[in-house]
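Data file: entry_4.cif. Format and content: mmCIF, C-alpha atoms.
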```cif
data_run
loop_
_atom_site.group_PDB
_atom_site.id
_atom_site.type_symbol
_atom_site.label_atom_id
_atom_site.label_comp_id
_atom_site.auth_asym_id
_atom_site.auth_seq_id
_atom_site.Cartn_x
_atom_site.Cartn_y
_atom_site.Cartn_z
ATOM 1 C CA MET X 1 -52.496 15.111 -2.660
ATOM 2 C CA LEU X 2 -52.435 12.327 -0.083
ATOM 3 C CA ASP X 3 -51.144 13.512 3.325
ATOM 4 C CA SER X 4 -48.578 10.918 4.339
ATOM 5 C CA SER X 5 -48.506 12.222 7.927
ATOM 6 C CA LEU X 6 -51.917 10.661 8.474
ATOM 7 C CA PHE X 7 -50.283 7.273 8.325
ATOM 8 C CA ASN X 8 -47.244 8.112 10.489
ATOM 9 C CA PHE X 9 -45.319 5.993 7.961
ATOM 10 C CA PRO X 10 -44.474 7.935 4.805
ATOM 11 C CA SER X 11 -42.971 5.217 2.620
ATOM 12 C CA LEU X 12 -46.020 4.116 0.610
ATOM 13 C CA PRO X 13 -47.758 7.517 0.173
ATOM 14 C CA SER X 14 -44.484 9.205 -0.758
ATOM 15 C CA ILE X 15 -43.685 6.434 -3.225
ATOM 16 C CA LEU X 16 -47.048 6.784 -4.906
ATOM 17 C CA VAL X 17 -47.463 10.564 -4.690
ATOM 18 C CA ASN X 18 -43.949 11.978 -4.988
ATOM 19 C CA GLY X 19 -42.753 9.884 -7.922
ATOM 20 C CA GLN X 20 -40.190 7.783 -6.103
ATOM 21 C CA LEU X 21 -40.842 5.018 -8.632
ATOM 22 C CA ASP X 22 -38.988 7.166 -11.181
ATOM 23 C CA GLY X 23 -35.827 5.343 -12.137
ATOM 24 C CA CYS X 24 -37.172 2.018 -10.919
ATOM 25 C CA THR X 25 -38.087 -0.602 -13.469
ATOM 26 C CA GLY X 26 -39.747 -3.991 -13.638
ATOM 27 C CA ASP X 27 -39.334 -6.105 -10.509
ATOM 28 C CA ASP X 28 -37.784 -3.167 -8.578
ATOM 29 C CA ARG X 29 -41.097 -1.265 -8.741
ATOM 30 C CA ILE X 30 -43.076 -4.269 -7.588
ATOM 31 C CA GLU X 31 -40.667 -4.997 -4.734
ATOM 32 C CA LEU X 32 -40.549 -1.371 -3.559
ATOM 33 C CA VAL X 33 -44.307 -0.830 -3.462
ATOM 34 C CA THR X 34 -45.111 -4.290 -2.100
ATOM 35 C CA LYS X 35 -42.603 -3.905 0.739
ATOM 36 C CA ALA X 36 -43.927 -0.467 1.663
ATOM 37 C CA ALA X 37 -47.534 -1.683 1.639
ATOM 38 C CA THR X 38 -46.650 -4.764 3.700
ATOM 39 C CA ASP X 39 -44.691 -2.703 6.230
ATOM 40 C CA MET X 40 -47.594 -0.303 6.652
ATOM 41 C CA THR X 41 -50.256 -2.938 7.081
ATOM 42 C CA THR X 42 -48.232 -5.128 9.475
ATOM 43 C CA SER X 43 -46.261 -2.585 11.512
ATOM 44 C CA PRO X 44 -47.127 -2.852 15.263
ATOM 45 C CA SER X 45 -46.695 0.912 15.654
ATOM 46 C CA ILE X 46 -49.514 1.633 13.220
ATOM 47 C CA HIS X 47 -53.096 0.903 14.213
ATOM 48 C CA LEU X 48 -55.231 0.529 11.097
ATOM 49 C CA GLY X 49 -58.727 -0.835 10.731
ATOM 50 C CA PRO X 50 -59.651 -3.325 7.984
ATOM 51 C CA MET X 51 -60.883 -0.574 5.654
ATOM 52 C CA ALA X 52 -57.660 1.420 5.998
ATOM 53 C CA ARG X 53 -55.598 -1.677 5.248
ATOM 54 C CA LYS X 54 -57.675 -2.326 2.117
ATOM 55 C CA LEU X 55 -57.226 1.293 1.023
ATOM 56 C CA ILE X 56 -53.455 1.019 1.334
ATOM 57 C CA LEU X 57 -53.341 -2.167 -0.741
ATOM 58 C CA ILE X 58 -55.574 -0.571 -3.395
ATOM 59 C CA LEU X 59 -53.284 2.477 -3.519
ATOM 60 C CA ALA X 60 -50.280 0.184 -3.944
ATOM 61 C CA PHE X 61 -51.988 -1.625 -6.831
ATOM 62 C CA LEU X 62 -52.965 1.649 -8.505
ATOM 63 C CA GLY X 63 -49.447 2.992 -8.114
ATOM 64 C CA LEU X 64 -47.961 -0.047 -9.830
ATOM 65 C CA THR X 65 -50.578 0.057 -12.577
ATOM 66 C CA PHE X 66 -49.965 3.749 -13.276
ATOM 67 C CA ALA X 67 -46.199 3.387 -13.150
ATOM 68 C CA GLY X 68 -46.308 0.496 -15.614
ATOM 69 C CA SER X 69 -48.633 2.231 -18.055
ATOM 70 C CA VAL X 70 -46.404 5.141 -19.021
ATOM 71 C CA GLY X 71 -44.401 4.337 -22.183
ATOM 72 C CA VAL X 72 -42.612 1.085 -22.869
ATOM 73 C CA ALA X 73 -40.905 -0.098 -19.701
ATOM 74 C CA PRO X 74 -37.158 -0.531 -20.246
ATOM 75 C CA ALA X 75 -37.314 -4.150 -19.086
ATOM 76 C CA ALA X 76 -40.097 -4.919 -21.568
ATOM 77 C CA GLN X 77 -38.240 -3.079 -24.316
ATOM 78 C CA ALA X 78 -35.073 -5.063 -23.636
ATOM 79 C CA ALA X 79 -37.037 -8.302 -23.850
ATOM 80 C CA GLY X 80 -38.709 -7.113 -27.046
ATOM 81 C CA THR X 81 -35.508 -6.137 -28.827
ATOM 82 C CA SER X 82 -34.165 -9.620 -28.142
ATOM 83 C CA TYR X 83 -36.521 -10.717 -30.950
ATOM 84 C CA ASN X 84 -34.709 -8.508 -33.480
ATOM 85 C CA ASN X 85 -33.383 -10.461 -36.469
ATOM 86 C CA THR X 86 -34.943 -13.735 -35.297
ATOM 87 C CA ASP X 87 -37.251 -16.203 -37.026
ATOM 88 C CA PRO X 88 -40.931 -15.437 -36.246
ATOM 89 C CA TYR X 89 -41.857 -19.104 -36.650
ATOM 90 C CA ALA X 90 -39.000 -20.559 -34.622
ATOM 91 C CA THR X 91 -39.785 -18.143 -31.760
ATOM 92 C CA GLY X 92 -43.547 -18.835 -31.894
ATOM 93 C CA CYS X 93 -44.288 -15.162 -32.557
ATOM 94 C CA ASN X 94 -46.320 -16.157 -35.627
ATOM 95 C CA SER X 95 -48.985 -17.719 -33.399
ATOM 96 C CA GLY X 96 -52.021 -15.436 -33.454
ATOM 97 C CA ALA X 97 -50.244 -12.811 -35.596
ATOM 98 C CA SER X 98 -52.357 -10.354 -37.604
ATOM 99 C CA LEU X 99 -52.046 -9.421 -41.270
ATOM 100 C CA ILE X 100 -51.746 -5.619 -41.316
ATOM 101 C CA HIS X 101 -50.653 -4.733 -44.859
ATOM 102 C CA THR X 102 -50.232 -6.190 -48.358
ATOM 103 C CA TYR X 103 -47.900 -4.879 -51.049
ATOM 104 C CA TYR X 104 -48.288 -6.275 -54.586
ATOM 105 C CA VAL X 105 -45.217 -6.595 -56.791
ATOM 106 C CA GLY X 106 -43.659 -8.941 -59.356
ATOM 107 C CA GLY X 107 -46.760 -11.055 -59.844
ATOM 108 C CA GLY X 108 -46.943 -11.804 -56.124
ATOM 109 C CA LYS X 109 -47.264 -9.985 -52.824
ATOM 110 C CA PHE X 110 -45.526 -9.164 -49.580
ATOM 111 C CA ASP X 111 -47.806 -9.464 -46.551
ATOM 112 C CA MET X 112 -46.748 -7.731 -43.350
ATOM 113 C CA PHE X 113 -47.666 -9.422 -40.097
ATOM 114 C CA TYR X 114 -47.732 -8.098 -36.542
ATOM 115 C CA SER X 115 -47.378 -10.301 -33.476
ATOM 116 C CA GLY X 116 -49.327 -8.904 -30.544
ATOM 117 C CA THR X 117 -47.561 -11.378 -28.269
ATOM 118 C CA CYS X 118 -43.993 -10.471 -29.262
ATOM 119 C CA GLN X 119 -44.791 -6.990 -30.660
ATOM 120 C CA THR X 120 -42.780 -7.754 -33.777
ATOM 121 C CA ASN X 121 -43.261 -7.357 -37.526
ATOM 122 C CA TRP X 122 -42.067 -9.290 -40.554
ATOM 123 C CA VAL X 123 -43.030 -9.717 -44.219
ATOM 124 C CA GLN X 124 -43.977 -12.834 -46.142
ATOM 125 C CA TRP X 125 -43.736 -13.435 -49.871
ATOM 126 C CA THR X 126 -46.432 -15.342 -51.748
ATOM 127 C CA GLY X 127 -46.101 -15.559 -55.519
ATOM 128 C CA PRO X 128 -44.102 -17.025 -58.404
ATOM 129 C CA ASN X 129 -41.264 -19.427 -57.653
ATOM 130 C CA VAL X 130 -38.534 -16.821 -58.021
ATOM 131 C CA CYS X 131 -35.790 -15.567 -55.763
ATOM 132 C CA THR X 132 -36.842 -12.891 -53.284
ATOM 133 C CA TRP X 133 -34.776 -10.845 -50.876
ATOM 134 C CA LYS X 134 -36.486 -9.126 -47.951
ATOM 135 C CA ARG X 135 -35.578 -7.330 -44.744
ATOM 136 C CA VAL X 136 -37.208 -4.980 -42.199
ATOM 137 C CA GLN X 137 -36.194 -2.360 -39.639
ATOM 138 C CA SER X 138 -37.803 -0.107 -37.008
ATOM 139 C CA ASP X 139 -36.804 2.554 -34.478
ATOM 140 C CA TYR X 140 -36.065 -0.329 -32.101
ATOM 141 C CA GLY X 141 -33.583 -2.106 -34.342
ATOM 142 C CA THR X 142 -31.460 -1.799 -37.461
ATOM 143 C CA TRP X 143 -32.093 -3.781 -40.641
ATOM 144 C CA THR X 144 -32.554 -7.492 -40.222
ATOM 145 C CA ARG X 145 -30.328 -9.620 -42.421
ATOM 146 C CA TRP X 146 -31.391 -10.119 -46.018
ATOM 147 C CA GLU X 147 -33.491 -13.258 -46.179
ATOM 148 C CA LYS X 148 -32.988 -14.815 -49.617
ATOM 149 C CA ASP X 149 -35.173 -17.670 -50.881
ATOM 150 C CA GLN X 150 -36.370 -19.136 -54.160
ATOM 151 C CA ALA X 151 -39.865 -20.318 -53.258
ATOM 152 C CA THR X 152 -43.541 -19.585 -53.741
ATOM 153 C CA TRP X 153 -43.743 -18.737 -50.030
ATOM 154 C CA SER X 154 -41.054 -17.359 -47.758
ATOM 155 C CA TYR X 155 -40.577 -14.742 -45.050
ATOM 156 C CA SER X 156 -38.138 -12.267 -43.541
ATOM 157 C CA MET X 157 -36.676 -12.203 -40.075
ATOM 158 C CA GLN X 158 -38.658 -10.132 -37.559
ATOM 159 C CA ILE X 159 -38.083 -6.770 -35.886
ATOM 160 C CA TYR X 160 -39.412 -5.416 -32.575
ATOM 161 C CA ALA X 161 -41.906 -2.605 -33.295
ATOM 162 C CA PRO X 162 -44.428 -2.178 -30.445
ATOM 163 C CA GLY X 163 -47.797 -0.528 -30.991
ATOM 164 C CA THR X 164 -47.853 1.969 -33.837
ATOM 165 C CA THR X 165 -44.092 1.994 -34.437
ATOM 166 C CA SER X 166 -43.270 2.425 -38.130
ATOM 167 C CA VAL X 167 -41.589 -0.422 -39.966
ATOM 168 C CA ASP X 168 -39.436 -0.046 -43.088
ATOM 169 C CA VAL X 169 -39.323 -2.801 -45.692
ATOM 170 C CA GLU X 170 -36.784 -3.393 -48.457
ATOM 171 C CA PHE X 171 -37.179 -6.122 -51.046
ATOM 172 C CA ALA X 172 -36.023 -7.477 -54.367
ATOM 173 C CA VAL X 173 -38.031 -9.869 -56.548
ATOM 174 C CA GLY X 174 -36.112 -11.997 -59.019
ATOM 175 C CA SER X 175 -37.013 -12.538 -62.643
ATOM 176 C CA ALA X 176 -38.314 -15.840 -63.975
ATOM 177 C CA GLY X 177 -36.548 -14.877 -67.198
ATOM 178 C CA TYR X 178 -33.174 -15.062 -65.506
ATOM 179 C CA GLY X 179 -32.217 -18.657 -64.788
ATOM 180 C CA GLY X 180 -35.810 -19.607 -64.053
ATOM 181 C CA GLY X 181 -35.910 -17.307 -61.037
ATOM 182 C CA THR X 182 -32.695 -18.553 -59.485
ATOM 183 C CA CYS X 183 -30.917 -16.698 -56.682
ATOM 184 C CA GLY X 184 -27.515 -17.381 -58.227
ATOM 185 C CA GLY X 185 -25.307 -15.538 -60.650
ATOM 186 C CA GLY X 186 -26.472 -12.020 -61.453
ATOM 187 C CA ALA X 187 -30.040 -12.568 -60.200
ATOM 188 C CA TRP X 188 -29.774 -9.545 -57.883
ATOM 189 C CA ASP X 189 -28.967 -7.272 -60.813
ATOM 190 C CA TYR X 190 -31.985 -8.472 -62.787
ATOM 191 C CA ALA X 191 -34.369 -8.320 -59.830
ATOM 192 C CA GLN X 192 -37.028 -5.686 -59.246
ATOM 193 C CA HIS X 193 -36.000 -3.633 -56.203
ATOM 194 C CA GLY X 194 -38.177 -1.533 -53.929
ATOM 195 C CA GLY X 195 -39.200 -0.580 -50.434
ATOM 196 C CA TYR X 196 -41.926 1.028 -48.359
ATOM 197 C CA THR X 197 -42.812 2.117 -44.829
ATOM 198 C CA ILE X 198 -45.821 1.040 -42.760
#
```

Please lay out the structure from this file as structure tokens.
Amino acid sequence: MLDSSLFNFPSLPSILVNGQLDGCTGDDRIELVTKAATDMTTSPSIHLGPMARKLILILAFLGLTFAGSVGVAPAAQAAGTSYNNTDPYATGCNSGASLIHTYYVGGGKFDMFYSGTCQTNWVQWTGPNVCTWKRVQSDYGTWTRWEKDQATWSYSMQIYAPGTTSVDVEFAVGSAGYGGGTCGGGAWDYAQHGGYTI
């Protein structure tokens, strides 16, 4: 354990060693550690050589890095959940997204994509020109709205699901034998329904 008495200024060592970053999030952590490091390296009552000043700044950096690496920071989580039930293309989350799973059904397929940038998931239908309904959910958000389209390609809204968070999918695939695959009338009743978890 680092002995804060060596510095005659306990704020930075105690912040880094005694867990005083607990309860602080986002910009508060950065401000707290940066202020303590600045005070230590510029205080006229503390006489530090160049190497000691560098050590303090390194400790401050390591403290912020460690504090930010444990779990999903609440600020980041709040930003992530703001993507829940939004359009992955309108938000730009589709850019650079990865295909992570394919589910074949009804003569077509549902592809699940993951956005590393937004940490969201959604499914896309590719197949016959019939009505499809699709929605997703995760531990970070309830079901997105049903996205209903009659098209050979369409997609659901997205849900925040960072890292290895499981994602549930529900779908229905309409029948070409009912109104040519229309979404109207009793199409839902004639559709093939299902779901899965990734």

Can you build me a table of segment 112-170 of chain X residues sitting at most 6 Å from segment 80-94 of chain X, with the closest atom pair per residue and its distance in Å to one decimal, using only C-alpha atoms, sorted by chain and residue number, as CSV?
```
residue,atom,partner,partner_atom,distance
X:Ser115,CA,X:Cys93,CA,5.8
X:Cys118,CA,X:Cys93,CA,5.7
X:Thr144,CA,X:Asn85,CA,4.9
X:Met157,CA,X:Asp87,CA,5.1
X:Gln158,CA,X:Asn85,CA,5.4
X:Ile159,CA,X:Asn84,CA,4.5
X:Tyr160,CA,X:Thr81,CA,5.5
```

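Taking all atoms listed in the file, the non-local environment of Tyr178 of chain X within 8 Å (same-chain residues fewer than 3 positions away omitted) comprises X:Gly174, X:Ser175, X:Gly181, X:Thr182, X:Ala187, X:Tyr190.
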
Item to complete: Run the PyMOL selection byres ((chain X and resi 137) around 9) on the file and write out the hits as a list of chain:residue names.
Response: X:Asn84, X:Asn121, X:Arg135, X:Val136, X:Ser138, X:Asp139, X:Tyr140, X:Gly141, X:Thr142, X:Trp143, X:Thr144, X:Gln158, X:Ile159, X:Tyr160, X:Ala161, X:Ser166, X:Val167, X:Asp168, X:Val169, X:Glu170
